[in-house]
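*Asks:* Below are the structure tokens for one structure; questions will follow.
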Amino acid sequence: MTASPGPRPVPRVLTIASSDSGGGAGIQADLKAFARCGAHGMSAIVALTAQNTMGVSGIHEVPPAFVRAQIDAVLDDIGADAAKTGMLFSAPLIEAVADALAGRDLPLVVDPVMVASSGSVLLRPDAVGTLITRLFPLATVVTPNLPEAQALTGSPATDRAELAERLVAMGARAALVTGGHGPEPVDHLFDGSRHVAIPVERHQVAATHGAGCTHSAALAAGLAAGLPLADAARRAALVAGQAVAHGLAMLGDGDGPVNVLSEFVSCGKEMTR
């Protein structure tokens, strides 16, 4: 009689990003998306933001050595099946992250967060080159939106296929230019040899804060679960779209946060009735 296999390990995903004190984007959005996708989420915080739905009023960087310590502590003990990066803000922080991940051979989603939906700058201009030279070669896929892809490539093109090819030529193994901006609602994936267009639904909801973070986190969770990149990208589009559709527009005076956990049961009074 053969022993029955043990329970399937839960996918482990590490987010390396910044904290959003308003709970809509950043580390907070990533951890909620990981939970939505059935993954165990872990975090290494590179910066704190004083932030709400109206914008970012302050950024406090974590010392790079402590960023490295967080990543090493998690990976040396718990390990990870995938990782993602979000807002990294400065060149020294990017260097610390790249040094910590080099040689780990982890599936890595690089979300090149550059500007908040409120217009606040989240990546210093002098750090863009470091992001490209240090993290693109480590990335399984980079996931810019259309304005970010244009800024990274220096191209005004609106053709996502063209931009994705340019990003791969800059060192990424694959690029997924997301479809939340521009006239055509489609995510476009290029893996170096194959183009995959993923139609997405746009929702007329004033609650898109954290949509990009949610998308890249869901993509990382899919890779951690063993999905092929294209399948993980399709699932990420679905998860992010649902989060926007159920967004919390009633919260705050600006662009409300997405709600990736809308389908989960409340822990309010109705549970005790």
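All residue names refer to the structure tokens as shown: chains lettered A, B, ... in order, residues numbered from 1 in each chain, ligands numbered from 1 in order.
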If you count only C-alpha atoms, which residues fall within 12 Å of Gln242 of chain A, apart from same-chain ones fewer than 4 positions away, as a list of chain:residue names?
*Replies:* A:Ala33, A:Arg36, A:Val200, A:Glu201, A:Arg202, A:His203, A:Val205, A:Ala207, A:Thr208, A:Ala211, A:Thr214, A:His215, A:Ala218, A:Arg235, A:Ala236, A:Ala237, A:Leu238, A:His246, A:Gly247, A:Leu248, A:Val258, A:Asn259, A:Val260, A:Leu261, A:Ser262, A:Glu263
*Asks:* Which one of A:Ile59, A:Ala240, A:Ala151, A:Leu93 sits closest to Ala29 of chain A if you count only C-alpha atoms?
*Replies:*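 Smallest distance to Ala29 of chain A is found for A:Ala240.
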*Asks:* Residues at most 7 Å from segment 152-165 of chain A, counting only C-alpha atoms, excluding those fewer than 3 positions away in the same chain, as a count of residues only?
*Replies:* 10
*Asks:* Grab the atom CA of Leu229 of chain A to atom CA of Gln70 of chain A distance for me, in Å with one decimal place.
*Replies:* 27.1 Å
*Asks:* Near segment 133-146 of chain A, within 6 Å and counting only C-alpha atoms, which residues show up once chain neighbours fewer than 5 positions away are dropped, as a list in words?
*Replies:* Pro107, Leu108, Val109, Val110, Asp111, Pro112, Gly171, Ala172, Arg173, Ala174, Ala175, Leu176, Val177, Thr178 and His181 of chain A
*Asks:* Please, which residues of segment 112-185 of chain A, numbered as in this document, come out strand (DSSP E or B) from DSSP, as JSON, numbers by chain?
*Replies:* {"A": [115, 121, 123, 141, 142, 175, 176, 177]}
*Asks:* Kindly indicate which residue among A:Leu123, A:Val244, A:Val56, A:Ala102 lies nearest to Leu88 of chain A, using only C-alpha atoms for the distances.
*Replies:*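 Smallest separation from Leu88 of chain A among the options: A:Leu123.
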*Asks:* Record the distance separating atom CA of Ile78 of chain A and atom CA of Cys37 of chain A, expressed in Å with one decimal.
*Replies:*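 Rounded to one decimal, the two atoms are 18.7 Å apart.
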*Asks:* What gap, in Å, lies between atom CA of Gln204 of chain A and atom CA of Gly256 of chain A?
*Replies:*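 Atom CA of Gly256 of chain A lies 12.5 Å from atom CA of Gln204 of chain A.
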*Asks:* Could you check which of A:Leu223, A:Ile16, A:Ala82, A:Ala25 is closest to Thr53 of chain A, using only C-alpha atoms?
*Replies:*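 Residue with the minimum atom-to-atom distance to Thr53 of chain A: A:Ala25.
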*Asks:* Just list the residues in segment 24-134 of chain A DSSP gives helix (DSSP H, G or I) on the backbone, as an NGL selection string.
*Replies:* :A and (26-36 or 64-77 or 91-101 or 125-134)
*Asks:* Need the shell around Pro63 of chain A: protein/DNA/RNA residues with any atom at most 10 Å away, counting only C-alpha atoms. Skip same-chain ones fewer than 5 positions apart. Format as a PDB file with all heavy atoms, in the first residue's frame?
*Replies:*
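Final output, saved to around23.pdb:
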ATOM      1  N   VAL A  46      10.139  48.440   0.862  1.00  0.00           N
ATOM      2  CA  VAL A  46      11.281  49.274   0.504  1.00  0.00           C
ATOM      3  C   VAL A  46      11.073  50.738   0.863  1.00  0.00           C
ATOM      4  O   VAL A  46      12.038  51.494   0.973  1.00  0.00           O
ATOM      5  CB  VAL A  46      11.627  49.146  -0.993  1.00  0.00           C
ATOM      6  CG1 VAL A  46      11.815  47.694  -1.382  1.00  0.00           C
ATOM      7  CG2 VAL A  46      10.573  49.797  -1.873  1.00  0.00           C
ATOM      8  N   ALA A  47       9.815  51.154   1.012  1.00  0.00           N
ATOM      9  CA  ALA A  47       9.524  52.539   1.375  1.00  0.00           C
ATOM     10  C   ALA A  47       8.133  52.620   1.981  1.00  0.00           C
ATOM     11  O   ALA A  47       7.268  51.775   1.701  1.00  0.00           O
ATOM     12  CB  ALA A  47       9.619  53.458   0.156  1.00  0.00           C
ATOM     13  N   ARG A  68      17.405  44.389   1.966  1.00  0.00           N
ATOM     14  CA  ARG A  68      18.082  43.117   1.687  1.00  0.00           C
ATOM     15  C   ARG A  68      17.849  42.127   2.823  1.00  0.00           C
ATOM     16  O   ARG A  68      17.603  40.930   2.585  1.00  0.00           O
ATOM     17  CB  ARG A  68      19.576  43.381   1.490  1.00  0.00           C
ATOM     18  CG  ARG A  68      20.443  42.116   1.322  1.00  0.00           C
ATOM     19  CD  ARG A  68      20.171  41.427   0.001  1.00  0.00           C
ATOM     20  NE  ARG A  68      20.873  40.173  -0.131  1.00  0.00           N
ATOM     21  CZ  ARG A  68      22.069  40.029  -0.732  1.00  0.00           C
ATOM     22  NH1 ARG A  68      22.687  41.088  -1.238  1.00  0.00           N
ATOM     23  NH2 ARG A  68      22.632  38.844  -0.832  1.00  0.00           N
ATOM     24  N   ALA A  69      17.879  42.602   4.065  1.00  0.00           N
ATOM     25  CA  ALA A  69      17.675  41.719   5.212  1.00  0.00           C
ATOM     26  C   ALA A  69      16.278  41.108   5.198  1.00  0.00           C
ATOM     27  O   ALA A  69      16.105  39.923   5.529  1.00  0.00           O
ATOM     28  CB  ALA A  69      17.908  42.487   6.512  1.00  0.00           C
ATOM     29  N   PRO A  92      19.436  53.195  -5.232  1.00  0.00           N
ATOM     30  CA  PRO A  92      20.007  52.333  -4.196  1.00  0.00           C
ATOM     31  C   PRO A  92      19.056  51.212  -3.762  1.00  0.00           C
ATOM     32  O   PRO A  92      19.509  50.090  -3.479  1.00  0.00           O
ATOM     33  CB  PRO A  92      20.283  53.299  -3.044  1.00  0.00           C
ATOM     34  CG  PRO A  92      20.471  54.623  -3.697  1.00  0.00           C
ATOM     35  CD  PRO A  92      19.506  54.627  -4.836  1.00  0.00           C
ATOM     36  N   LEU A  93      17.763  51.488  -3.726  1.00  0.00           N
ATOM     37  CA  LEU A  93      16.805  50.449  -3.356  1.00  0.00           C
ATOM     38  C   LEU A  93      16.731  49.384  -4.441  1.00  0.00           C
ATOM     39  O   LEU A  93      16.673  48.177  -4.148  1.00  0.00           O
ATOM     40  CB  LEU A  93      15.426  51.066  -3.117  1.00  0.00           C
ATOM     41  CG  LEU A  93      15.304  51.950  -1.874  1.00  0.00           C
ATOM     42  CD1 LEU A  93      13.951  52.649  -1.837  1.00  0.00           C
ATOM     43  CD2 LEU A  93      15.513  51.136  -0.596  1.00  0.00           C
ATOM     44  N   ALA A  96      19.732  47.124  -4.176  1.00  0.00           N
ATOM     45  CA  ALA A  96      19.623  46.170  -3.068  1.00  0.00           C
ATOM     46  C   ALA A  96      18.709  45.008  -3.432  1.00  0.00           C
ATOM     47  O   ALA A  96      19.001  43.846  -3.118  1.00  0.00           O
ATOM     48  CB  ALA A  96      19.105  46.887  -1.817  1.00  0.00           C
TER      49      ALA A  96
END
*Asks:* Rank A:Asp77, A:Asp72, A:Asp191, A:Asp20 by their smallest atom-to-atom distance to Leu122 of chain A, using only C-alpha atoms, and report the top residue only.
*Replies:*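 Closest candidate: A:Asp20.
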*Asks:* Using only C-alpha atoms, find the one residue out of A:Ala230, A:Ala217, A:Ala17, A:Leu31 that sits nearest to Ala44 of chain A.
*Replies:*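 Closest candidate: A:Ala17.
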*Asks:* Taking only C-alpha atoms into account, name the residue in A:Ile71, A:Ala116, A:Leu167, A:Ala220 that is nearest to Gln51 of chain A.
*Replies:* A:Ala116
